[in-house]
Amino acid sequence: MAAARNSLAAEHGAHEIPPVKRIVLDRAPTAVPPPALDGDRAPRRRPATAGPERLRLEGVSVRYGAKAAVNDVSLSVHQGEVLALIGPSGCGKTTLLRTLNRLTELTPSAVRGGSILLDGHDVHELADTELRARVSMVFQQPNPFPMSIFDNVAFALREQSRKRPRRQQIEPHVIDALRRAGLYDEVREDLNRPALRLSGGQQQRLCIARAIALQPEVLLMDEPCSALDPRSTETIEQLIGELRRDLAVVIVTHNLQQAHRVADRVAFMYLGDLVEHGEVEQVFREPRAPRTRDYVRGVFG
Amino acid sequence: MSVYPHTLPAGRGRGRRSSLRSWRWRDRIVYLLAWLSGLSLCLIAAAIVLYLLVRGIQYVSPSLILTRPTAGIGQNQIGGILDPLLGTLLLVALGTAIATPIGVCSAVWIVEYGRGRLGRRLARVVESSIEIVAGTPDIVIAILALALFQVGALSFLSFTASGGGVYGRSFLTAGAAVALLAIPPVFLATRDGLEALPGHQREGAFALGKTRIATIRRVLLPGIRPNIATGVTLGMGRIVGDTAIVFLLLGVGAAERIEPQGGVPGLGILRGTGSTLTSYIYSNSPAGEGNAPQKAYAAAFVLLAMVLALNAIAGFVSRRGSAGGMSLGDRVRLGGWS
């Protein structure tokens, strides 16, 4: 390798080292991150106390046909905190997440056991539409609808009412949701632009805006950053830190560093079992189960 | 061979390709055949257009388009194609108006609701029924429709003779029959569009607490609007070009005129008989009674222009809406839908 480089250098003459492309630093990057929300990226201040319990899972199991995906998971999710579900691929994290708003019911073979309580009421008693408005979700792949930015958020807000609310009535809510998702300043000039023209990170923030426009109690996020570049990821992580004040967040992630950065509590799953859950520092620094220790060892080297 | 791209000599855009000489014989033949058949199709299409352009355009004039046809020996000299032109437009409008909702709704049902064991089985039955309809020759559809619409209970749809005999011939009955031609393209384009939609778009709407019907109406159908438009345009093309149904069910008179039936103005036309450009071409061609080939050429030219315009619209619509790179429009336009 070194020899090859030397011979190349000799071929071009030693002083003819190819120039390095200079990057203009005084110009703002094209994808402008929203104004810093908290500013610091150091370990965040933990909330003094977690809020009231929102979701409670008691012995939840899910299987697809004969294949068990989640076994007997009991957890609780509180307002004001971020719960990260971590674990290797295929261990049931996403299935568990999708059970929380009953999206698993779209898969005909899925069967659920145990009970999930939202504010003390079994989610099975609620109409699925109501449940999903209260427990909304952001997906791995940004999935804005093929309509304008405004309509994407407005679609979430328009109830199944006889009379469609007029634009003026919902406009403040749409703008508020976009602002909370940190997208408004980038799109304020033209809310009627097609949402599919936005960049991937912007699309994902639009999806978050859509999800929080419903004023949900719980926000589910299924690897929200895995399709995004580092800059957009950072923006969304900051956003999660901001959002958890008002709602409970459950996030599935493959990225242990991300779990460490955004989560207050971590649940480690393995082959459908909930192996361990607890405070983020405890799980990462002093895991109780050997399996967890093996898995999280990568975080601190 | 330099490591650094910017030190590469300024070259042509592409690298060297393997020369034909190194190919196997069989590959060379197929390569040649591919070129030949592609070029010959271009030639045939160009020949059709040019021939009709040369033969047709010399007879096309505003007066021809704006005057009504007349029957009789002197047809060579007088009369225009106004009625057949309007008849074609009316028939297309009627057929599309009937076919579009049926095609779209059945595709929605198949993809979004045809679930469960029974549902899937039923969905397969519906799909193969539509394939049968798509494969049925239009003359067969025509005689079936004629048999149906001559039933006395359906006499209100068509022209009835003074003796009470039901002819079953009118714009309404013909429109219903040509709708059958347009349903398969609409259905297939809609179904393929719905199936090609990524699943996370559906889930995205469900996850916002939307009902299935709201998801379909507000997210899925708007998302596949270009597909539907392509299917509808293709269906229109089939209606424009149909002759057999027109002949049997529109009750083409010798004069090729639109003959309203009954007193009510709009309804009278729908219940009345008429003609289209295709029937006009047939009856004026040397094979028909009129023997006015110039008129046939002129009408053929107008018809071809309509079909080409429809294709252009289909291409435009499918390209404009293809943010997600839908290739369906192209596939459907080339007739690969059946």
# chains A, B, ... in the order shown; residues from 1 in each chain; ligands from 1

call {"tool": "select_by_dssp", "arguments": {"residues": "segment 177-244 of chain B", "states": "alpha helix (DSSP H)", "output": "ChimeraX atom specification"}}
result
/B:177-196,199-206,212-215,221-223,225-241,244

call {"tool": "interface_residues", "arguments": {"of": "chain B", "to": "chain A", "cutoff": "6 Å", "atoms": "only C-alpha atoms", "output": "mmCIF file with all heavy atoms, in the first residue's frame"}}
result
data_model
loop_
_atom_site.group_PDB
_atom_site.id
_atom_site.type_symbol
_atom_site.label_atom_id
_atom_site.label_comp_id
_atom_site.auth_asym_id
_atom_site.auth_seq_id
_atom_site.Cartn_x
_atom_site.Cartn_y
_atom_site.Cartn_z
ATOM 1 N N GLN B 201 -47.574 3.238 3.684
ATOM 2 C CA GLN B 201 -48.470 4.367 3.507
ATOM 3 C C GLN B 201 -49.841 4.070 4.110
ATOM 4 O O GLN B 201 -50.450 4.909 4.761
ATOM 5 C CB GLN B 201 -48.617 4.652 2.020
ATOM 6 C CG GLN B 201 -48.820 6.116 1.783
ATOM 7 C CD GLN B 201 -48.348 6.519 0.420
ATOM 8 O OE1 GLN B 201 -48.961 6.205 -0.574
ATOM 9 N NE2 GLN B 201 -47.245 7.222 0.383
ATOM 10 N N ALA B 207 -52.221 4.253 11.529
ATOM 11 C CA ALA B 207 -51.569 4.620 12.790
ATOM 12 C C ALA B 207 -51.992 6.000 13.269
ATOM 13 O O ALA B 207 -51.714 6.365 14.396
ATOM 14 C CB ALA B 207 -50.057 4.568 12.638
ATOM 15 N N LEU B 208 -52.640 6.766 12.396
ATOM 16 C CA LEU B 208 -53.174 8.056 12.838
ATOM 17 C C LEU B 208 -54.617 7.906 13.282
ATOM 18 O O LEU B 208 -55.309 8.899 13.500
ATOM 19 C CB LEU B 208 -53.105 9.072 11.712
ATOM 20 C CG LEU B 208 -51.706 9.528 11.312
ATOM 21 C CD1 LEU B 208 -51.782 10.391 10.076
ATOM 22 C CD2 LEU B 208 -51.070 10.300 12.445
ATOM 23 N N GLY B 209 -55.075 6.688 13.391
ATOM 24 C CA GLY B 209 -56.444 6.475 13.832
ATOM 25 C C GLY B 209 -57.459 6.673 12.731
ATOM 26 O O GLY B 209 -58.607 7.008 13.003
ATOM 27 N N LYS B 210 -57.035 6.487 11.475
ATOM 28 C CA LYS B 210 -57.984 6.650 10.381
ATOM 29 C C LYS B 210 -58.670 5.325 10.084
ATOM 30 O O LYS B 210 -58.058 4.255 10.199
ATOM 31 C CB LYS B 210 -57.257 7.133 9.124
ATOM 32 C CG LYS B 210 -56.707 8.527 9.278
ATOM 33 C CD LYS B 210 -57.822 9.510 9.507
ATOM 34 C CE LYS B 210 -57.265 10.779 10.119
ATOM 35 N NZ LYS B 210 -58.299 11.728 10.474
ATOM 36 N N GLY B 223 -53.205 8.835 -4.178
ATOM 37 C CA GLY B 223 -51.856 8.407 -4.512
ATOM 38 C C GLY B 223 -51.766 7.701 -5.850
ATOM 39 O O GLY B 223 -50.722 7.724 -6.492
#

call {"tool": "residues_around", "arguments": {"residues": "segment 277-281 of chain A", "least_positions_apart": "5", "cutoff": "8 Å", "atoms": "only C-alpha atoms", "output": "list of chain:residue names"}}
result
A:His260, A:Ala263, A:Asp264, A:Arg265, A:Val266, A:Ala267, A:Phe268, A:Glu286

call {"tool": "residues_around", "arguments": {"residues": "Ile258 of chain B", "least_positions_apart": "3", "cutoff": "8 Å", "atoms": "only C-alpha atoms", "output": "PDB file with C-alpha atoms, in the first residue's frame"}}
result
ATOM      1  CA  ASP B  83     -73.035  13.668 -35.960  1.00  0.00           C
ATOM      2  CA  PRO B  84     -70.571  10.780 -35.921  1.00  0.00           C
ATOM      3  CA  GLY B  87     -71.733  10.405 -31.285  1.00  0.00           C
ATOM      4  CA  ILE B 269     -80.700  11.842 -27.461  1.00  0.00           C
ATOM      5  CA  GLY B 272     -82.168   7.723 -29.430  1.00  0.00           C
ATOM      6  CA  THR B 273     -79.979   6.169 -32.025  1.00  0.00           C
ATOM      7  CA  GLY B 274     -76.904   7.599 -33.657  1.00  0.00           C
ATOM      8  CA  SER B 275     -73.546   6.833 -35.118  1.00  0.00           C
TER       9      SER B 275
END
